[in-house]
>>> print(open('entry-v9.csv').read())   # CSV, C-alpha atoms
chain,number,residue,atom,x,y,z
A,229,MET,CA,79.9,158.2,103.7
A,230,THR,CA,77.0,157.5,106.0
A,231,THR,CA,77.0,153.9,107.2
A,232,ASN,CA,74.2,153.8,109.8
A,233,ALA,CA,71.4,155.0,107.4
A,234,ASP,CA,69.2,152.9,105.2
A,235,PRO,CA,70.9,151.8,102.0
A,236,VAL,CA,70.2,153.8,98.9
A,237,ILE,CA,70.5,150.6,96.7
A,238,SER,CA,69.7,147.2,98.0
A,239,VAL,CA,70.2,144.1,95.9
A,240,ARG,CA,69.2,140.6,96.9
A,241,ASP,CA,69.7,137.3,95.2
A,242,LEU,CA,70.0,138.9,91.7
A,243,TRP,CA,70.3,136.8,88.6
A,244,LYS,CA,70.6,137.7,85.0
A,245,VAL,CA,70.5,134.7,82.7
A,246,PHE,CA,70.6,134.8,78.9
A,247,GLY,CA,69.3,132.0,76.8
A,248,PRO,CA,66.3,129.8,76.2
A,249,LYS,CA,63.9,129.5,79.1
A,250,ALA,CA,66.3,131.5,81.2
A,251,ASP,CA,63.8,132.1,84.1
A,252,ARG,CA,63.9,128.4,85.0
A,253,VAL,CA,67.6,128.6,86.0
A,254,PRO,CA,67.6,130.6,89.3
A,255,GLY,CA,64.9,128.4,90.9
A,256,ASP,CA,66.5,125.1,90.0
A,257,GLY,CA,69.1,123.9,92.5
A,258,GLY,CA,70.6,121.4,90.1
A,259,LEU,CA,71.2,124.1,87.5
A,260,THR,CA,72.4,126.8,89.9
A,261,ALA,CA,75.1,124.4,91.2
A,262,LEU,CA,76.6,124.1,87.7
A,263,SER,CA,79.6,126.2,86.6
A,264,ARG,CA,79.0,128.8,83.9
A,265,ARG,CA,80.5,126.4,81.3
A,266,GLU,CA,78.4,123.4,82.5
A,267,LEU,CA,75.2,125.5,82.5
A,268,LEU,CA,75.8,126.6,78.9
A,269,SER,CA,76.5,123.1,77.8
A,270,LYS,CA,73.4,121.6,79.5
A,271,THR,CA,70.9,124.4,78.9
A,272,GLY,CA,72.2,126.8,76.3
A,273,CYS,CA,72.0,129.5,78.9
A,274,THR,CA,74.6,131.9,80.2
A,275,ALA,CA,74.4,133.2,83.8
A,276,ALA,CA,76.0,136.6,83.5
A,277,VAL,CA,75.0,137.6,87.1
A,278,ARG,CA,74.6,134.8,89.7
A,279,ASP,CA,72.9,135.3,93.0
A,280,VAL,CA,74.5,138.7,93.8
A,281,THR,CA,73.6,140.5,97.1
A,282,PHE,CA,74.8,143.8,98.3
A,283,ASP,CA,73.8,147.2,99.7
A,284,VAL,CA,75.1,150.7,98.8
A,285,ALA,CA,75.1,153.2,101.6
A,286,PRO,CA,74.3,157.0,101.2
A,287,GLY,CA,77.3,158.8,100.0
A,288,GLU,CA,79.3,155.6,99.4
A,289,VAL,CA,81.6,155.0,96.4
A,290,PHE,CA,80.9,151.3,95.8
A,291,VAL,CA,83.1,149.7,93.2
A,292,VAL,CA,82.3,146.6,91.2
A,293,MET,CA,85.5,145.1,89.9
A,294,GLY,CA,86.3,142.1,87.7
A,295,LEU,CA,87.9,141.0,84.5
A,296,SER,CA,86.2,140.9,81.1
A,297,GLY,CA,83.2,138.6,81.2
A,298,SER,CA,82.8,138.8,85.0
A,299,GLY,CA,79.3,140.3,84.8
A,300,LYS,CA,80.1,143.7,86.3
A,301,SER,CA,78.6,145.7,83.4
A,302,THR,CA,75.6,143.5,83.2
A,303,LEU,CA,75.1,144.1,86.9
A,304,VAL,CA,75.1,147.9,86.7
A,305,ARG,CA,72.7,147.8,83.7
A,306,CYS,CA,70.4,145.6,85.7
A,307,LEU,CA,70.3,148.3,88.5
A,308,THR,CA,68.5,150.7,86.2
A,309,ARG,CA,66.8,147.9,84.2
A,310,LEU,CA,68.5,148.8,81.0
A,311,ILE,CA,68.9,145.0,81.1
A,312,GLU,CA,66.0,143.2,82.7
A,313,PRO,CA,67.0,140.9,85.6
A,314,THR,CA,65.9,137.3,85.5
A,315,ALA,CA,65.3,136.9,89.3
A,316,GLY,CA,66.0,138.6,92.6
A,317,GLU,CA,65.1,141.9,94.3
A,318,MET,CA,66.3,145.4,93.7
A,319,THR,CA,65.2,148.4,95.7
A,320,PHE,CA,66.2,152.1,95.4
A,321,GLU,CA,65.5,154.3,98.4
A,322,GLY,CA,63.1,151.6,99.5
A,323,GLU,CA,61.2,151.4,96.2
A,324,ASP,CA,61.0,148.1,94.3
A,325,ILE,CA,62.7,148.8,91.0
A,326,ARG,CA,61.5,145.6,89.4
A,327,ALA,CA,57.9,146.5,90.0
A,328,ALA,CA,58.3,149.9,88.3
A,329,ASP,CA,56.4,150.4,85.0
A,330,GLN,CA,58.1,152.1,82.0
A,331,LYS,CA,56.7,155.5,82.9
A,332,ARG,CA,58.2,155.3,86.4
A,333,LEU,CA,61.5,153.9,85.1
A,334,ARG,CA,61.8,156.9,82.7
A,335,GLU,CA,61.2,159.2,85.7
A,336,LEU,CA,63.8,157.4,87.8
A,337,ARG,CA,66.4,157.5,85.0
A,338,ARG,CA,65.8,161.2,84.5
A,339,ARG,CA,65.7,162.3,88.1
A,340,LYS,CA,67.4,159.7,90.3
A,341,PHE,CA,70.0,157.9,88.3
A,342,ALA,CA,72.7,159.2,85.9
A,343,MET,CA,75.1,157.1,84.0
A,344,VAL,CA,78.6,157.8,82.7
A,345,PHE,CA,79.8,155.4,80.1
A,346,GLN,CA,83.2,154.6,78.5
A,347,HIS,CA,81.9,156.0,75.2
A,348,PHE,CA,80.9,159.5,75.9
A,349,GLY,CA,77.8,159.7,73.8
A,350,LEU,CA,78.0,163.4,73.3
A,351,LEU,CA,75.8,165.1,70.7
A,352,PRO,CA,78.3,166.3,68.1
A,353,HIS,CA,76.2,169.2,66.8
A,354,ARG,CA,75.7,170.7,70.2
A,355,SER,CA,78.2,172.8,72.2
A,356,VAL,CA,79.6,171.8,75.6
A,357,ILE,CA,77.0,173.8,77.5
A,358,GLU,CA,74.2,172.4,75.3
A,359,ASN,CA,75.4,168.9,75.9
A,360,VAL,CA,75.6,169.4,79.6
A,361,ALA,CA,72.1,170.9,79.7
A,362,PHE,CA,70.6,168.2,77.6
A,363,GLY,CA,69.1,166.2,80.5
A,364,LEU,CA,67.6,169.3,81.9
A,365,GLU,CA,66.1,170.1,78.5
A,366,ILE,CA,64.4,166.6,78.5
A,367,ARG,CA,63.0,167.4,81.9
A,368,GLY,CA,61.4,170.6,80.5
A,369,ILE,CA,63.5,173.0,82.5
A,370,GLY,CA,63.5,176.5,80.9
A,371,LYS,CA,66.5,177.6,78.9
A,372,ALA,CA,67.8,180.3,81.3
A,373,GLU,CA,67.7,177.9,84.3
A,374,ARG,CA,69.3,175.0,82.5
A,375,ARG,CA,72.1,177.2,81.1
A,376,ARG,CA,72.7,178.5,84.6
A,377,ARG,CA,72.8,175.0,86.1
A,378,ALA,CA,75.0,173.7,83.2
A,379,GLY,CA,77.4,176.6,83.7
A,380,GLU,CA,77.8,175.7,87.4
A,381,VAL,CA,78.7,172.1,86.8
A,382,ILE,CA,81.0,173.0,83.8
A,383,GLU,CA,83.0,175.1,86.3
A,384,LEU,CA,82.8,172.3,88.8
A,385,VAL,CA,84.5,169.8,86.5
A,386,GLY,CA,87.1,172.3,85.3
A,387,LEU,CA,85.8,173.2,81.8
A,388,ALA,CA,85.1,176.9,82.4
A,389,GLY,CA,85.9,178.7,79.1
A,390,TYR,CA,84.9,175.8,76.9
A,391,GLU,CA,81.1,176.3,77.1
A,392,GLY,CA,80.9,177.2,73.3
A,393,SER,CA,83.3,174.5,72.1
A,394,TYR,CA,82.0,171.3,70.3
A,395,PRO,CA,83.0,167.7,71.1
A,396,ASP,CA,85.3,167.3,68.2
A,397,GLN,CA,87.3,170.2,69.4
A,398,LEU,CA,88.0,168.6,72.8
A,399,SER,CA,90.5,165.9,73.9
A,400,GLY,CA,89.2,162.5,75.2
A,401,GLY,CA,89.7,163.6,78.8
A,402,MET,CA,87.8,166.8,78.2
A,403,GLN,CA,85.0,165.0,76.5
A,404,GLN,CA,84.7,162.7,79.5
A,405,ARG,CA,84.5,165.7,81.8
A,406,VAL,CA,81.6,166.9,79.6
A,407,GLY,CA,79.9,163.5,80.2
A,408,LEU,CA,80.5,163.8,83.9
A,409,ALA,CA,79.1,167.4,83.9
A,410,ARG,CA,76.0,166.2,82.0
A,411,ALA,CA,75.4,163.5,84.6
A,412,LEU,CA,75.9,166.0,87.5
A,413,ALA,CA,73.7,168.6,86.0
A,414,VAL,CA,70.5,166.7,86.6
A,415,ASP,CA,71.5,166.4,90.3
A,416,PRO,CA,70.9,162.7,90.6
A,417,ASP,CA,70.8,160.7,93.8
A,418,VAL,CA,73.2,158.1,92.4
A,419,LEU,CA,75.9,158.3,89.7
A,420,LEU,CA,76.6,155.0,87.9
A,421,PHE,CA,80.0,154.8,86.1
A,422,ASP,CA,80.6,151.9,83.6
A,423,GLU,CA,84.3,151.8,83.0
A,424,PRO,CA,84.3,155.5,82.1
A,425,PHE,CA,88.0,156.0,81.9
A,426,SER,CA,89.2,152.7,80.3
A,427,ALA,CA,89.7,154.2,76.9
A,428,LEU,CA,91.7,157.2,78.1
A,429,ASP,CA,95.5,157.5,78.1
A,430,PRO,CA,97.0,156.6,81.5
A,431,LEU,CA,97.9,160.1,82.6
A,432,ILE,CA,94.5,161.4,81.6
A,433,ARG,CA,92.9,158.5,83.3
A,434,ARG,CA,94.7,159.3,86.5
A,435,ASP,CA,93.6,162.9,86.3
A,436,MET,CA,90.0,161.8,85.9
A,437,GLN,CA,90.2,159.5,88.9
A,438,GLN,CA,91.4,162.4,90.9
A,439,GLU,CA,88.5,164.5,89.5
A,440,VAL,CA,86.0,161.9,90.7
A,441,ILE,CA,87.6,161.9,94.2
A,442,ARG,CA,87.4,165.7,94.3
A,443,LEU,CA,83.9,165.8,93.1
A,444,HIS,CA,82.8,163.2,95.5
A,445,ASN,CA,84.4,165.2,98.4
A,446,GLU,CA,82.6,168.3,97.2
A,447,VAL,CA,79.1,167.0,96.2
A,448,GLY,CA,79.0,163.8,98.2
A,449,LYS,CA,77.0,161.8,95.7
A,450,THR,CA,76.4,158.1,96.1
A,451,MET,CA,78.4,156.4,93.3
A,452,VAL,CA,78.6,152.9,91.8
A,453,PHE,CA,81.7,152.5,89.8
A,454,ILE,CA,82.5,149.6,87.4
A,455,THR,CA,86.1,148.9,86.6
A,456,HIS,CA,88.5,146.0,85.6
A,457,ASP,CA,91.5,147.9,87.1
A,458,LEU,CA,92.4,147.1,90.7
A,459,SER,CA,94.5,150.2,91.3
A,460,GLU,CA,91.5,152.3,90.2
A,461,ALA,CA,89.2,150.3,92.5
A,462,LEU,CA,91.5,150.8,95.5
A,463,LYS,CA,91.9,154.5,94.8
A,464,LEU,CA,88.2,155.2,94.4
A,465,GLY,CA,86.2,152.7,96.4
A,466,ASP,CA,84.9,152.9,100.0
A,467,ARG,CA,84.1,149.2,99.4
A,468,ILE,CA,84.8,146.9,96.5
A,469,LEU,CA,82.9,143.9,95.2
A,470,ILE,CA,85.0,141.5,93.2
A,471,MET,CA,83.2,139.4,90.6
A,472,ARG,CA,84.2,136.3,88.6
A,473,ASP,CA,82.1,134.5,86.0
A,474,GLY,CA,79.0,136.3,87.3
A,475,ASP,CA,79.6,135.3,91.0
A,476,MET,CA,80.4,137.5,94.0
A,477,VAL,CA,83.9,136.5,95.2
A,478,GLN,CA,84.5,139.0,98.0
A,479,ILE,CA,83.1,142.3,99.1
A,480,GLY,CA,85.0,144.6,101.5
A,481,THR,CA,87.2,147.7,101.9
A,482,GLY,CA,90.5,147.9,100.1
A,483,ASP,CA,92.4,146.9,103.2
A,484,GLU,CA,90.1,143.9,103.8
A,485,LEU,CA,90.7,142.6,100.3
A,486,VAL,CA,94.5,143.1,100.6
A,487,GLY,CA,94.8,142.0,104.2
A,488,ALA,CA,92.4,139.1,104.2
A,489,PRO,CA,91.6,137.8,100.7
A,490,VAL,CA,89.0,135.0,100.8
A,491,ASP,CA,90.6,132.7,98.2
A,492,GLY,CA,93.5,132.3,95.8
A,493,TYR,CA,91.7,134.3,93.1
A,494,VAL,CA,91.5,137.4,95.2
A,495,ALA,CA,95.0,136.8,96.6
A,496,ASP,CA,96.4,136.8,93.0
A,497,PHE,CA,94.5,139.9,92.2
A,498,VAL,CA,96.0,141.9,95.2
A,499,ARG,CA,99.4,140.2,95.2
A,500,ASP,CA,101.3,143.1,93.6
A,501,VAL,CA,99.5,145.8,95.6
A,502,SER,CA,101.8,147.9,97.9
A,503,ARG,CA,100.5,146.8,101.3
A,504,ALA,CA,101.9,149.8,103.0
A,505,HIS,CA,99.7,152.0,100.8
A,506,VAL,CA,96.5,150.1,101.5
A,507,LEU,CA,96.7,148.4,104.9
A,508,THR,CA,96.0,150.4,108.0
A,509,LEU,CA,97.6,150.2,111.5
A,510,ARG,CA,94.7,148.0,112.6
A,511,TRP,CA,96.1,145.2,110.4
A,512,ILE,CA,99.7,145.3,111.7
A,513,MET,CA,99.3,146.3,115.4
A,514,ARG,CA,100.1,143.8,118.1
A,515,ASP,CA,99.1,143.4,121.7
A,516,PRO,CA,101.6,145.0,124.2
A,517,ARG,CA,104.2,142.7,125.6
A,518,SER,CA,105.8,142.6,129.0
A,519,GLY,CA,108.4,145.3,129.1
A,520,ASP,CA,106.8,147.5,126.5
A,521,GLN,CA,106.6,151.2,127.6
A,522,LEU,CA,103.3,152.7,126.5
A,523,ASP,CA,104.1,156.4,126.5
A,524,GLY,CA,104.7,156.7,122.7
A,525,PRO,CA,102.6,158.7,120.2
A,526,GLU,CA,99.0,157.8,119.5
A,527,PHE,CA,97.4,157.0,116.2
A,528,ALA,CA,93.9,156.0,115.1
A,529,PRO,CA,93.6,152.4,113.8
A,530,ASP,CA,92.5,153.5,110.3
A,531,VAL,CA,95.7,155.5,109.6
A,532,VAL,CA,97.4,153.9,106.5
A,533,VAL,CA,100.7,152.3,107.3
A,534,ARG,CA,102.6,154.5,104.8
A,535,GLU,CA,101.4,157.6,106.5
A,536,ALA,CA,102.6,156.4,109.9
A,537,THR,CA,105.9,154.8,108.8
A,538,ARG,CA,108.2,157.8,109.4
A,539,ALA,CA,106.6,158.6,112.8
A,540,VAL,CA,106.9,155.0,114.0
A,541,LEU,CA,110.5,154.6,113.0
A,542,ALA,CA,111.4,158.0,114.5
A,543,ALA,CA,109.7,157.3,117.8
A,544,GLU,CA,111.7,156.0,120.8
A,545,ARG,CA,108.7,153.8,121.9
A,546,PRO,CA,106.1,151.9,119.9
A,547,VAL,CA,103.2,154.0,118.9
A,548,LYS,CA,99.8,153.4,120.5
A,549,VAL,CA,96.8,152.6,118.4
A,550,VAL,CA,93.9,154.2,120.1
A,551,GLU,CA,90.2,154.5,119.3
A,552,ASN,CA,87.6,156.3,121.4
A,553,GLY,CA,90.1,156.4,124.3
A,554,GLU,CA,90.7,152.6,124.2
A,555,LEU,CA,94.1,151.1,123.5
A,556,LEU,CA,93.7,148.6,120.7
A,557,GLY,CA,97.4,147.7,120.2
A,558,ILE,CA,100.8,149.0,119.5
A,559,VAL,CA,103.0,149.3,116.4
A,560,GLY,CA,106.8,149.4,116.5
A,561,ASP,CA,109.8,149.2,114.2
A,562,GLU,CA,109.4,145.4,113.7
A,563,GLU,CA,105.8,145.7,112.4
A,564,ILE,CA,106.8,148.4,110.0
A,565,LEU,CA,109.9,146.7,108.8
A,566,ALA,CA,108.0,143.4,108.3
A,567,ILE,CA,105.7,145.2,105.9
A,568,ILE,CA,108.6,146.8,104.0
A,569,ALA,CA,110.4,143.4,103.8
A,570,ALA,CA,107.3,141.7,102.5
A,571,GLN,CA,106.9,144.3,99.8
A,572,GLU,CA,110.5,144.0,98.7
A,573,GLU,CA,110.1,140.2,98.4
A,574,SER,CA,107.1,140.6,96.2
A,575,GLY,CA,108.9,143.1,94.0
A,576,SER,CA,106.2,145.8,94.1
>>> encode(input="entry-v9.csv", output="C-alpha cells")
Amino acid sequence: MTTNADPVISVRDLWKVFGPKADRVPGDGGLTALSRRELLSKTGCTAAVRDVTFDVAPGEVFVVMGLSGSGKSTLVRCLTRLIEPTAGEMTFEGEDIRAADQKRLRELRRRKFAMVFQHFGLLPHRSVIENVAFGLEIRGIGKAERRRRAGEVIELVGLAGYEGSYPDQLSGGMQQRVGLARALAVDPDVLLFDEPFSALDPLIRRDMQQEVIRLHNEVGKTMVFITHDLSEALKLGDRILIMRDGDMVQIGTGDELVGAPVDGYVADFVRDVSRAHVLTLRWIMRDPRSGDQLDGPEFAPDVVVREATRAVLAAERPVKVVENGELLGIVGDEEILAIIAAQEESGS
C-alpha cells in the first residue's frame, strides 16, 4: 500500500438521506443533531449515511464494517452513484464524481470501478469464460483479445479447466471466483466488494478471503471491502471504518481498533478478538528501566505479538523494539505474559 501518494478515493461530509425533502437535512444543524430515530419521527426521513469522511490510498484494502442497517452498503453504492448522495463531496483520482454526467459515469463504471456483490449475477446461459469476458465485450474488445484476457484471470483465480462450464455446474465458491475474475478482467483501478462472501459456507468463505489476500499481493489493486464480520475485516483490511446507524464511529488499522477503541461500542466489537494475533509490539513495549540489559534481539515495532512470543520468551534479555536504528522500547516476558493472561480472562 502506498501511503504518501494522493488518495484514489476521497470522501468529504457525505450524506445519503431517504425521505421527503431529504436535501434539507444535511444543511440544518437542528436536524443533523437528531438521532436516526428522532429524525425519522420528526421529518419522515432516514439518514443512511451521515457526514462520512475518509480517503483511500493507492493499493490499500479499505474495509467498511458494521452491523445490518449501519449504512455500509449504501455508502459503497454512493461511491459509484448507483445511489445518488444527498450532500457532500466524492472524488476519484481527483475527479469530482458527483459532477459526472451519465455518459461519464458509464465510462467510469466500465473502466475504473468494478463491483463484486454477494449475489454473483452470473449469466446462466454463458460459460465461465464468456461470463468473465462480458465486461470486455461491453467495451467493444475483439473476441480473440477478450478470450485471451479472460483466460489469464481465470487462471489467476484458480479456475483453469472450467472455462467451458456453466454457472449451474459450479459450487457457490467457484461461482464467486467467476464473479471475481469478471471484475479483474476489465483491469479496474478500484475493486468494490459488497459483502461478497456472506452467503458462502464458513470454510469456502475462509478460502475466498485467502484468495482476495493472494490476489491483492499479486495484482496490488485498490480495494474497498464491505463486511459485517469483524474477523474478515481484521484479516483483509489495511484500515477499517466502523459504522453505526449511518455514522462513522472509528477509523484505523486493526491494531488501533483493538488497542485503542474510541468508545464502548467499538470495545464490545473487539472484545473477543485475540489481542496477540492483532496487536503489534508497538502496543506492548515499555521504556527501558534501570538495570535492564539492552543486548537482546531486535524486532521492528510492527511485528505482531504472536509472531514474536516464542523469541521473547526464549531470550535471556528483553528484546529491543527498533525502527530506523532508533530504540523505541523493549519487550520482555512480563509484557508477553500479560497479553496471554488477558486473553485467558476474556475466554478467547
>>> atom_distance(input="entry-v9.csv", atom1="atom CA of Ile479 of chain A", atom2="atom CA of Val292 of chain A")
9.0 Å
>>> residues_near_point(input="entry-v9.csv", point="(82.2, 165.4, 85.2)", cutoff="10 Å", atoms="only C-alpha atoms", output="PDB file with C-alpha atoms, in the coordinates of the input")
ATOM      1  CA  VAL A 344      78.600 157.800  82.700  1.00  0.00           C
ATOM      2  CA  VAL A 360      75.600 169.400  79.600  1.00  0.00           C
ATOM      3  CA  VAL A 381      78.700 172.100  86.800  1.00  0.00           C
ATOM      4  CA  ILE A 382      81.000 173.000  83.800  1.00  0.00           C
ATOM      5  CA  GLU A 383      83.000 175.100  86.300  1.00  0.00           C
ATOM      6  CA  LEU A 384      82.800 172.300  88.800  1.00  0.00           C
ATOM      7  CA  VAL A 385      84.500 169.800  86.500  1.00  0.00           C
ATOM      8  CA  GLY A 386      87.100 172.300  85.300  1.00  0.00           C
ATOM      9  CA  LEU A 387      85.800 173.200  81.800  1.00  0.00           C
ATOM     10  CA  MET A 402      87.800 166.800  78.200  1.00  0.00           C
ATOM     11  CA  GLN A 403      85.000 165.000  76.500  1.00  0.00           C
ATOM     12  CA  GLN A 404      84.700 162.700  79.500  1.00  0.00           C
ATOM     13  CA  ARG A 405      84.500 165.700  81.800  1.00  0.00           C
ATOM     14  CA  VAL A 406      81.600 166.900  79.600  1.00  0.00           C
ATOM     15  CA  GLY A 407      79.900 163.500  80.200  1.00  0.00           C
ATOM     16  CA  LEU A 408      80.500 163.800  83.900  1.00  0.00           C
ATOM     17  CA  ALA A 409      79.100 167.400  83.900  1.00  0.00           C
ATOM     18  CA  ARG A 410      76.000 166.200  82.000  1.00  0.00           C
ATOM     19  CA  ALA A 411      75.400 163.500  84.600  1.00  0.00           C
ATOM     20  CA  LEU A 412      75.900 166.000  87.500  1.00  0.00           C
ATOM     21  CA  ALA A 413      73.700 168.600  86.000  1.00  0.00           C
ATOM     22  CA  MET A 436      90.000 161.800  85.900  1.00  0.00           C
ATOM     23  CA  GLU A 439      88.500 164.500  89.500  1.00  0.00           C
ATOM     24  CA  VAL A 440      86.000 161.900  90.700  1.00  0.00           C
ATOM     25  CA  LEU A 443      83.900 165.800  93.100  1.00  0.00           C
TER      26      LEU A 443
END
>>> residues_around(input="entry-v9.csv", residues="Val253 of chain A", least_positions_apart="6", cutoff="10 Å", atoms="only C-alpha atoms", output="list of chain:residue names")
A:Trp243, A:Lys244, A:Val245, A:Phe246, A:Gly247, A:Leu259, A:Thr260, A:Leu267, A:Thr271, A:Cys273, A:Thr274, A:Ala275, A:Thr314, A:Ala315
>>> write_last_selection(input="entry-v9.csv", atoms="C-alpha atoms", output="mmCIF file, in the frame of the given file")
data_model
loop_
_atom_site.group_PDB
_atom_site.id
_atom_site.type_symbol
_atom_site.label_atom_id
_atom_site.label_comp_id
_atom_site.auth_asym_id
_atom_site.auth_seq_id
_atom_site.Cartn_x
_atom_site.Cartn_y
_atom_site.Cartn_z
ATOM 1 C CA TRP A 243 70.300 136.800 88.600
ATOM 2 C CA LYS A 244 70.600 137.700 85.000
ATOM 3 C CA VAL A 245 70.500 134.700 82.700
ATOM 4 C CA PHE A 246 70.600 134.800 78.900
ATOM 5 C CA GLY A 247 69.300 132.000 76.800
ATOM 6 C CA LEU A 259 71.200 124.100 87.500
ATOM 7 C CA THR A 260 72.400 126.800 89.900
ATOM 8 C CA LEU A 267 75.200 125.500 82.500
ATOM 9 C CA THR A 271 70.900 124.400 78.900
ATOM 10 C CA CYS A 273 72.000 129.500 78.900
ATOM 11 C CA THR A 274 74.600 131.900 80.200
ATOM 12 C CA ALA A 275 74.400 133.200 83.800
ATOM 13 C CA THR A 314 65.900 137.300 85.500
ATOM 14 C CA ALA A 315 65.300 136.900 89.300
#
>>> closest_residue(input="entry-v9.csv", among="A:Leu262, A:Met451, A:Val239, A:Ala378", to="Leu307 of chain A", atoms="only C-alpha atoms")
A:Val239
>>> atom_distance(input="entry-v9.csv", atom1="atom CA of Pro235 of chain A", atom2="atom CA of Val284 of chain A")
5.4 Å
>>> atom_distance(input="entry-v9.csv", atom1="atom CA of Asn552 of chain A", atom2="atom CA of Phe527 of chain A")
11.1 Å
>>> closest_residue(input="entry-v9.csv", among="A:Ala285, A:Val414, A:Ala233, A:Ala250", to="Leu268 of chain A", atoms="all atoms listed in the file")
A:Ala250
>>> residues_around(input="entry-v9.csv", residues="segment 486-495 of chain A", least_positions_apart="3", cutoff="12 Å", atoms="only C-alpha atoms", output="PyMOL selection string")
chain A and resi 293-295+458-459+462+468-473+476-483+498-512+567
>>> residues_around(input="entry-v9.csv", residues="segment 328-333 of chain A", least_positions_apart="5", cutoff="12 Å", atoms="all atoms listed in the file", output="PyMOL selection string")
chain A and resi 307-310+312+318-320+323+338-341
>>> closest_residue(input="entry-v9.csv", among="A:Tyr394, A:Val289, A:Ser399, A:Glu266", to="Gly465 of chain A", atoms="only C-alpha atoms")
A:Val289
>>> closest_residue(input="entry-v9.csv", among="A:Ile454, A:Ile432, A:Ile558, A:Ile564", to="Glu526 of chain A", atoms="only C-alpha atoms")
A:Ile558
